[in-house]
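Data block for run-v2.txt (compact mmCIF, C-alpha atoms):
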# COMPACT_ATOMS: atom_id res chain seq x y z
CA ASP A 171 0.00 0.00 0.00
CA HIS A 172 1.39 3.37 -1.06
CA ARG A 173 0.32 5.11 2.14
CA ASP A 174 2.18 2.65 4.39
CA SER A 175 5.34 3.03 2.30
CA ILE A 176 5.07 6.82 2.36
CA SER A 177 4.59 6.79 6.15
CA VAL A 178 7.83 4.83 6.52
CA THR A 179 9.53 7.19 4.06
CA LEU A 180 8.33 10.22 6.00
CA SER A 181 9.70 8.82 9.23
CA SER A 182 13.04 7.74 7.78
CA LYS A 183 13.67 11.02 5.94
CA ALA A 184 12.80 13.09 8.98
CA ASP A 185 15.20 11.01 11.07
CA ALA A 186 17.88 11.27 8.40
CA VAL A 187 17.81 15.07 8.57
CA VAL A 188 18.88 14.70 12.20
CA LEU A 189 22.17 13.28 10.88
CA LYS A 190 23.34 16.81 10.12
CA PRO A 191 24.63 17.64 13.63
CA ILE A 192 26.12 14.12 13.84
CA PHE A 193 28.19 14.52 10.66
CA LEU A 194 28.86 18.22 11.23
CA PRO A 195 29.62 18.45 14.99
CA VAL A 196 30.72 21.75 16.56
CA PRO A 197 32.41 21.98 19.98
CA ALA A 198 30.68 24.30 22.45
CA ALA A 199 33.83 26.38 22.99
CA SER A 200 34.23 26.89 19.23
CA ARG A 201 30.57 27.92 18.93
CA ALA A 202 31.00 30.59 21.64
CA LYS A 203 34.22 31.96 20.18
CA LEU A 204 32.99 31.89 16.58
CA SER A 205 29.78 33.61 17.63
CA MET A 206 31.84 36.53 18.92
CA ILE A 207 33.96 36.60 15.74
CA ASN A 208 30.88 36.56 13.50
CA THR A 209 29.31 39.34 15.58
CA MET A 210 32.39 41.52 15.13
CA SER A 211 32.45 40.68 11.40
CA LYS A 212 28.91 42.07 11.12
CA ILE A 213 29.92 45.20 13.06
CA ARG A 214 32.81 45.75 10.63
CA GLY A 215 30.51 45.30 7.66
CA GLN A 216 31.89 41.95 6.57
CA GLU A 217 29.33 39.68 4.95
CA LYS A 218 30.36 36.40 6.53
CA GLY A 219 32.79 35.28 9.20
CA PRO A 220 34.97 32.17 9.15
CA GLY A 221 33.58 28.64 9.33
CA TYR A 222 33.68 26.40 12.36
CA PRO A 223 37.20 24.97 12.92
CA GLN A 224 37.66 21.23 12.99
CA ALA A 225 38.97 19.70 16.23
CA GLU A 226 41.98 18.38 14.30
CA THR A 227 42.79 21.90 13.07
CA VAL A 228 42.67 23.36 16.59
CA LEU A 229 44.85 20.51 17.91
CA GLY A 230 47.32 20.96 15.05
CA GLU A 231 47.69 24.69 15.73
CA ALA A 232 48.36 24.00 19.42
CA MET A 233 50.95 21.31 18.58
CA GLN A 234 52.82 23.59 16.18
CA LYS A 235 52.73 26.50 18.62
CA PHE A 236 54.22 24.55 21.52
CA GLY A 237 56.60 22.69 19.21
CA ARG A 238 58.13 26.01 18.10
CA GLU A 239 58.32 27.20 21.70
CA LEU A 240 60.37 24.13 22.69
CA GLY A 241 63.14 25.37 20.37
CA ASP A 242 65.55 23.89 17.86
CA ASP A 243 67.25 21.63 20.42
CA SER A 244 64.12 19.64 21.22
CA ASN A 245 63.36 16.42 19.33
CA PHE A 246 59.92 16.45 20.86
CA GLY A 247 59.40 19.99 19.56
CA PHE A 248 60.18 18.95 15.97
CA ALA A 249 57.92 15.90 16.34
CA LEU A 250 55.12 18.14 17.61
CA ILE A 251 55.50 20.40 14.58
CA ASP A 252 55.29 17.37 12.28
CA ALA A 253 52.21 16.08 14.10
CA GLY A 254 50.63 19.54 14.04
CA GLU A 255 51.05 19.78 10.27
CA ALA A 256 49.44 16.35 9.90
CA MET A 257 46.54 17.40 12.14
CA ARG A 258 46.06 20.52 10.03
CA GLU A 259 45.88 18.37 6.88
CA LEU A 260 43.38 16.07 8.61
CA GLY A 261 41.27 19.14 9.38
CA GLU A 262 41.26 20.09 5.71
CA VAL A 263 40.25 16.55 4.72
CA LYS A 264 37.48 16.68 7.35
CA ASP A 265 36.26 19.99 5.90
CA ALA A 266 36.08 18.35 2.47
CA LEU A 267 34.12 15.43 3.96
CA ASP A 268 31.66 17.80 5.65
CA MET A 269 31.09 19.70 2.41
CA GLU A 270 30.66 16.50 0.39
CA VAL A 271 28.18 14.98 2.88
CA LYS A 272 26.19 18.21 3.11
CA GLN A 273 25.94 18.73 -0.67
CA ASN A 274 25.31 15.14 -1.76
CA PHE A 275 23.47 13.60 1.21
CA ILE A 276 22.10 16.06 3.80
CA ASP A 277 20.83 18.73 1.38
CA PRO A 278 19.01 16.29 -0.98
CA LEU A 279 17.29 14.64 1.99
CA GLN A 280 16.33 18.05 3.36
CA ASN A 281 14.92 18.99 -0.05
CA LEU A 282 12.96 15.73 -0.19
CA HIS A 283 11.55 16.42 3.26
CA ASP A 284 10.73 20.08 2.58
CA LYS A 285 9.28 19.65 -0.91
CA ASP A 286 8.21 16.19 -2.10
CA LEU A 287 6.97 14.74 1.18
CA LYS A 288 5.17 17.93 2.18
CA GLU A 289 3.45 17.95 -1.22
CA ILE A 290 2.26 14.37 -0.66
CA GLN A 291 1.02 15.26 2.82
CA HIS A 292 -0.92 18.15 1.28
CA HIS A 293 -2.60 15.81 -1.24
CA LEU A 294 -3.43 13.25 1.48
CA LYS A 295 -4.92 15.93 3.69
CA LYS A 296 -7.01 17.25 0.82
CA MET A 297 -8.18 13.72 -0.06
CA GLU A 298 -9.17 13.07 3.56
CA GLY A 299 -11.23 16.26 3.65
CA ARG A 300 -13.10 15.30 0.48
CA ARG A 301 -13.67 11.78 1.80
CA LEU A 302 -15.28 13.16 4.94
CA ASP A 303 -17.42 15.47 2.81
CA PHE A 304 -18.54 12.56 0.65
CA ASP A 305 -19.34 10.35 3.66
CA TYR A 306 -21.40 13.15 5.22
CA LYS A 307 -23.42 13.74 2.04
CA LYS A 308 -23.87 10.02 1.44
CA LYS A 309 -25.43 9.60 4.89
CA ARG A 310 -27.90 12.35 3.99
CA GLN A 311 -28.93 10.60 0.81
CA GLY A 312 -32.57 11.38 0.18
CA LYS A 313 -32.28 14.80 1.72
CA LEU A 314 -29.71 15.97 -0.83
CA GLN A 315 -29.86 15.86 -4.60
CA ASP A 316 -28.09 12.93 -6.27
CA ASP A 317 -26.00 15.31 -8.38
CA GLU A 318 -24.52 16.88 -5.24
CA ILE A 319 -23.56 13.46 -3.84
CA LYS A 320 -22.14 12.40 -7.22
CA GLN A 321 -20.07 15.60 -7.41
CA ALA A 322 -18.62 14.95 -3.92
CA LEU A 323 -17.66 11.41 -4.98
CA GLU A 324 -15.95 12.70 -8.14
CA LYS A 325 -13.92 15.22 -6.14
CA PHE A 326 -12.88 12.49 -3.69
CA ASP A 327 -11.84 10.16 -6.54
CA GLU A 328 -9.91 13.00 -8.18
CA SER A 329 -7.97 13.78 -4.98
CA LYS A 330 -7.35 10.09 -4.38
CA GLU A 331 -5.81 9.67 -7.84
CA VAL A 332 -3.59 12.73 -7.41
CA ALA A 333 -2.35 11.53 -3.99
CA GLU A 334 -1.70 8.00 -5.23
CA GLN A 335 0.12 9.29 -8.31
CA SER A 336 2.41 11.51 -6.23
CA MET A 337 3.17 8.64 -3.83
CA PHE A 338 3.83 6.27 -6.71
CA ASN A 339 6.21 8.74 -8.38
CA LEU A 340 8.20 9.18 -5.17
CA LEU A 341 8.49 5.46 -4.47
CA GLU A 342 9.50 4.76 -8.06
CA SER A 343 12.29 7.32 -7.87
CA ASP A 344 13.93 5.87 -4.74
CA ILE A 345 17.01 5.13 -6.86
CA GLU A 346 17.87 8.78 -6.19
CA GLN A 347 17.92 8.13 -2.44
CA VAL A 348 20.09 5.04 -3.01
CA SER A 349 22.50 7.17 -5.04
CA GLN A 350 22.63 9.74 -2.26
CA LEU A 351 23.43 7.01 0.26
CA ALA A 352 26.16 5.75 -2.08
CA ALA A 353 27.60 9.29 -2.18
CA LEU A 354 27.72 9.31 1.63
CA VAL A 355 29.56 5.98 1.71
CA GLN A 356 31.99 7.08 -1.01
CA ALA A 357 32.74 10.33 0.84
CA GLN A 358 33.53 8.33 3.98
CA VAL A 359 35.78 5.95 2.02
CA GLU A 360 37.69 8.87 0.47
CA TYR A 361 38.03 10.62 3.83
CA HIS A 362 39.44 7.54 5.56
CA ARG A 363 41.77 6.84 2.62
CA GLN A 364 43.26 10.32 2.78
CA ALA A 365 43.38 10.28 6.59
CA THR A 366 45.21 6.93 6.53
CA GLU A 367 47.73 8.28 4.02
CA ILE A 368 48.38 11.39 6.14
CA LEU A 369 48.82 9.39 9.36
CA GLN A 370 51.10 6.85 7.68
CA GLN A 371 53.36 9.67 6.47
CA LEU A 372 53.36 11.15 9.98
CA SER A 373 54.23 7.77 11.47
CA SER A 374 57.20 7.47 9.11
CA LYS A 375 58.44 10.97 10.03
CA ILE A 376 58.22 10.21 13.76
CA GLU A 377 60.05 6.90 13.29
CA ASN A 378 62.83 8.78 11.45
CA ARG A 379 63.08 11.33 14.27
CA ILE A 380 63.32 8.49 16.82
CA ARG A 381 66.23 6.95 14.86
CA ASP A 382 67.94 10.33 14.48
CA ALA A 383 67.58 11.08 18.18
CA SER A 384 68.86 7.62 19.14
CA SER A 385 71.97 7.99 16.96
CA LYS A 386 73.04 11.28 18.53
CA PRO A 387 75.50 11.09 21.45
CA ARG A 388 74.03 11.93 24.84
CA ARG A 389 75.04 15.32 26.21
CA GLU A 390 76.35 15.68 29.72
CA TYR A 391 74.83 18.18 32.06
CA MET A 392 77.08 21.16 32.74
CA PRO A 393 75.84 23.22 35.69
CA LYS A 394 75.95 26.98 35.29
CA PRO A 395 77.86 29.13 37.81
CA ARG A 396 75.78 29.93 40.84
CA MET A 397 74.51 33.47 41.26
CA VAL A 398 76.13 35.52 43.99
CA MET A 399 73.69 37.65 45.96
CA GLU A 400 74.70 40.55 48.19
CA PHE A 401 72.70 41.14 51.33
CA THR A 402 72.64 44.87 52.07
CA PRO A 403 70.65 46.67 54.73
CA SER A 404 67.88 48.90 53.49
CA GLU A 405 65.22 50.87 55.33
CA ASN A 406 62.62 50.22 52.70
CA GLN A 407 63.33 46.48 52.52
CA ASN A 408 63.53 45.82 56.30
CA GLY A 409 66.76 43.88 55.94
CA GLY A 410 65.65 41.93 52.85
CA ILE A 411 67.55 41.15 49.68
CA ALA A 412 68.39 44.12 47.48
CA HIS A 413 67.23 43.68 43.89
CA SER A 414 68.36 45.73 40.95
CA GLY A 415 65.97 47.17 38.44
CA SER A 416 62.62 48.84 38.92
CA ALA A 417 59.18 47.19 39.18
CA LYS A 418 56.52 47.79 36.59
CA SER A 419 54.49 50.83 37.57
CA PRO A 420 50.81 50.09 37.97
CA ALA A 421 48.30 51.61 35.61
CA PRO A 422 46.10 54.43 36.91
CA MET A 423 42.94 53.14 38.61
CA ASP A 424 40.70 56.04 37.58
CA GLN A 425 39.26 54.10 34.60
CA PRO A 426 37.94 50.56 33.98
CA CYS A 427 40.83 48.12 33.79
CA CYS A 428 41.93 44.56 34.50
CA ARG A 429 45.11 42.55 35.15
CA ALA A 430 46.12 39.64 32.90
CA LEU A 431 46.20 36.32 34.77
CA TYR A 432 47.88 34.44 31.90
CA ASP A 433 49.59 35.08 28.57
CA PHE A 434 47.12 35.37 25.66
CA ASP A 435 48.33 34.91 22.08
CA PRO A 436 45.84 36.20 19.49
CA GLU A 437 44.73 33.59 16.94
CA ASN A 438 42.23 35.65 14.94
CA GLU A 439 42.09 39.13 13.48
CA GLY A 440 40.90 41.69 16.01
CA GLU A 441 42.11 39.86 19.14
CA LEU A 442 44.39 41.64 21.65
CA GLY A 443 47.50 39.80 22.84
CA PHE A 444 49.07 40.37 26.27
CA LYS A 445 51.40 38.90 28.89
CA GLU A 446 50.70 37.82 32.45
CA GLY A 447 50.60 40.85 34.73
CA ASP A 448 49.77 43.41 32.02
CA ILE A 449 47.21 46.04 33.01
CA ILE A 450 44.61 46.40 30.25
CA THR A 451 42.19 49.30 29.89
CA LEU A 452 38.61 48.05 29.43
CA THR A 453 36.49 49.76 26.78
CA ASN A 454 33.54 47.41 26.20
CA GLN A 455 32.09 43.99 27.06
CA ILE A 456 31.19 42.11 23.86
CA ASP A 457 29.28 39.24 25.50
CA ASP A 458 29.53 36.86 28.47
CA ASN A 459 32.88 35.50 27.23
CA TRP A 460 34.76 38.44 25.64
CA TYR A 461 35.96 41.96 26.56
CA GLU A 462 37.27 44.71 24.31
CA GLY A 463 40.23 46.69 25.66
CA MET A 464 43.43 48.62 24.94
CA LEU A 465 47.08 47.92 25.74
CA HIS A 466 50.14 49.86 24.53
CA GLY A 467 47.93 51.78 22.08
CA GLN A 468 46.50 48.59 20.54
CA SER A 469 42.78 47.75 20.70
CA GLY A 470 41.22 44.30 20.44
CA PHE A 471 39.19 41.50 21.99
CA PHE A 472 40.23 38.99 24.66
CA PRO A 473 38.55 36.28 26.78
CA ILE A 474 37.09 37.28 30.15
CA ASN A 475 38.53 34.26 31.98
CA TYR A 476 42.10 35.38 31.18
CA VAL A 477 41.91 38.54 33.34
CA ASP A 478 41.10 39.76 36.84
CA ILE A 479 38.91 42.88 36.96
CA LEU A 480 40.44 45.76 38.92
CA VAL A 481 37.99 48.55 38.03
CA PRO A 482 34.76 47.27 36.45
CA LEU A 483 33.04 48.85 33.47
CA PRO A 484 30.10 51.10 34.40
CA HIS A 485 26.69 49.45 33.98
Write-out of the structure in C-alpha cells:
Amino acid sequence: DHRDSISVTLSSKADAVVLKPIFLPVPAASRAKLSMINTMSKIRGQEKGPGYPQAETVLGEAMQKFGRELGDDSNFGFALIDAGEAMRELGEVKDALDMEVKQNFIDPLQNLHDKDLKEIQHHLKKMEGRRLDFDYKKKRQGKLQDDEIKQALEKFDESKEVAEQSMFNLLESDIEQVSQLAALVQAQVEYHRQATEILQQLSSKIENRIRDASSKPRREYMPKPRMVMEFTPSENQNGGIAHSGSAKSPAPMDQPCCRALYDFDPENEGELGFKEGDIITLTNQIDDNWYEGMLHGQSGFFPINYVDILVPLPH
C-alpha cells in the first residue's frame, strides 16, 4: 500500500535530517568563540565570518605553537611540529568530507523532506477532507440531490488519484535516495583513505626522528655558575635582599581596567595579545565571554577568563 510506504519514508527522511549535527559536529567552545567573531564581522561590515574549525585543526595549531616554543634543540618539539602539520591536513580533509556529505546527502534529503513529502502530505490531507465530505453527504442521501452526492464522490476520486500518483512517483524514484546514500559511503571511504595516508606519512616521520635522536650522542649536564647575591641593609626592605631594576608601575585606577592572569596569544584578526601581569584598559564587554580593551595603544578583543577585573566597566 502506497500510504504505508510513504509513512515509513516520511519517518526515515525526517530522522535522516537529524544526521546533520552528527556529521557536522561543533564543539561548544568553538561555537561561543565563533559567535563573537561573527558578531564583530557584522559590526565591521563583513558579509560572513569564518567557518567552524575542525577539532583536528585546533589541535594541530596548538601542537605547532608549543613545538616552536620548545626550540631547535628539542626532538619532541620537531615531532610536535610534524604532528601539528598532519593534524592541520586532517582538518582540511574533514572539511572536504563535511562539504561532500552536506551537498550530496544532507541537502538532498532536506529537499525531499521540505518539498516532495510535504506535497504528498498536502494531497493526502485534501483527499481526507473530500472523503469526509462525501461520507457526510452520502449519509444524507434522500435529503440531498443525487448530483450533489455524485459531485462529492468525483472530487474524492480525483484527490485520491492525485495523492496515489504523487506517492507512486516518489516510491519509483527511490534510486535517487540510493544514489545519495552511495555518495555518503563514497565520501567516507575517500576521507578515511586520505586520513590513513596522512597518518602513515606522519608515522614514518616520527620513526625517522626516533632513529635520528637515538643515533646522537648523549650530552652531559654542565651546571651553570651559581649566582652571587649581596645582602645589604635597606630601610625600605627591612633587611631583605636588594634587587636591581625597577618594578613595573601600575596603571592608573581612575578608569575601567583589568590585570592579565595568563599570557594570551591572538589567533584571529581583532584579538588583543598580552602577557601575564599586564594592566589592560577596558572599553567594552562584547558578551559573556569576551571583553574589548586597549594595551600599549592597541585595541582588540580577549577572553574574560584570562583577566582579573580591577575597576569594572560602568553598567
**Request:** Work out how far CA of Gly247 in chain A is from CA of Val477 in chain A, in Å to one decimal.
**Result:** 29.0 Å
**Asked** Hey, which of A:Glu390, A:Glu377, A:Asp478, A:Asp458 ends up closest to Arg429 in chain A? Count only C-alpha atoms.
**Response** A:Asp478
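Between Glu259 in chain A and the residues A:Glu331, A:Glu226, A:Glu462, A:Glu437, the shortest atom-to-atom distance, using only C-alpha atoms, involves A:Glu226.
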**Asked** With distances taken over only C-alpha atoms, which of A:Ala322, A:Cys427, A:Leu294, A:Ala353 is nearest to Glu270 in chain A?
**Response** A:Ala353
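What separates CA of Ala256 in chain A from CA of Lys386 in chain A is a distance of 25.6 Å.
CA of Tyr476 in chain A sits 11.3 Å away from CA of Ile450 in chain A.
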**Item:** Surrounding residues of range 359-368 of chain A excluding itself and chain neighbours under 6 positions, 12 Å, only C-alpha atoms, as a count of residues only
**Value:** 25
**Message:** Please list as number ranges by chain every residue within 6 Å of range 300-312 of chain A, counting all atoms listed in the file and excluding residues in the same chain fewer than 3 positions away.
**Reply:** A: 297, 319, 322-323, 326
Please return as an mmCIF file with C-alpha atoms, in the coordinates of the input every residue within 12 Å of (31.5, 46.1, 26.3), taking into account all atoms listed in the file and the file's own coordinates.
data_model
loop_
_atom_site.group_PDB
_atom_site.id
_atom_site.type_symbol
_atom_site.label_atom_id
_atom_site.label_comp_id
_atom_site.auth_asym_id
_atom_site.auth_seq_id
_atom_site.Cartn_x
_atom_site.Cartn_y
_atom_site.Cartn_z
ATOM 1 C CA PRO A 426 37.940 50.560 33.980
ATOM 2 C CA THR A 451 42.190 49.300 29.890
ATOM 3 C CA LEU A 452 38.610 48.050 29.430
ATOM 4 C CA THR A 453 36.490 49.760 26.780
ATOM 5 C CA ASN A 454 33.540 47.410 26.200
ATOM 6 C CA GLN A 455 32.090 43.990 27.060
ATOM 7 C CA ILE A 456 31.190 42.110 23.860
ATOM 8 C CA ASP A 457 29.280 39.240 25.500
ATOM 9 C CA ASP A 458 29.530 36.860 28.470
ATOM 10 C CA ASN A 459 32.880 35.500 27.230
ATOM 11 C CA TRP A 460 34.760 38.440 25.640
ATOM 12 C CA TYR A 461 35.960 41.960 26.560
ATOM 13 C CA GLU A 462 37.270 44.710 24.310
ATOM 14 C CA GLY A 463 40.230 46.690 25.660
ATOM 15 C CA GLY A 470 41.220 44.300 20.440
ATOM 16 C CA PHE A 471 39.190 41.500 21.990
ATOM 17 C CA PHE A 472 40.230 38.990 24.660
ATOM 18 C CA ILE A 474 37.090 37.280 30.150
ATOM 19 C CA PRO A 482 34.760 47.270 36.450
ATOM 20 C CA LEU A 483 33.040 48.850 33.470
ATOM 21 C CA PRO A 484 30.100 51.100 34.400
ATOM 22 C CA HIS A 485 26.690 49.450 33.980
#
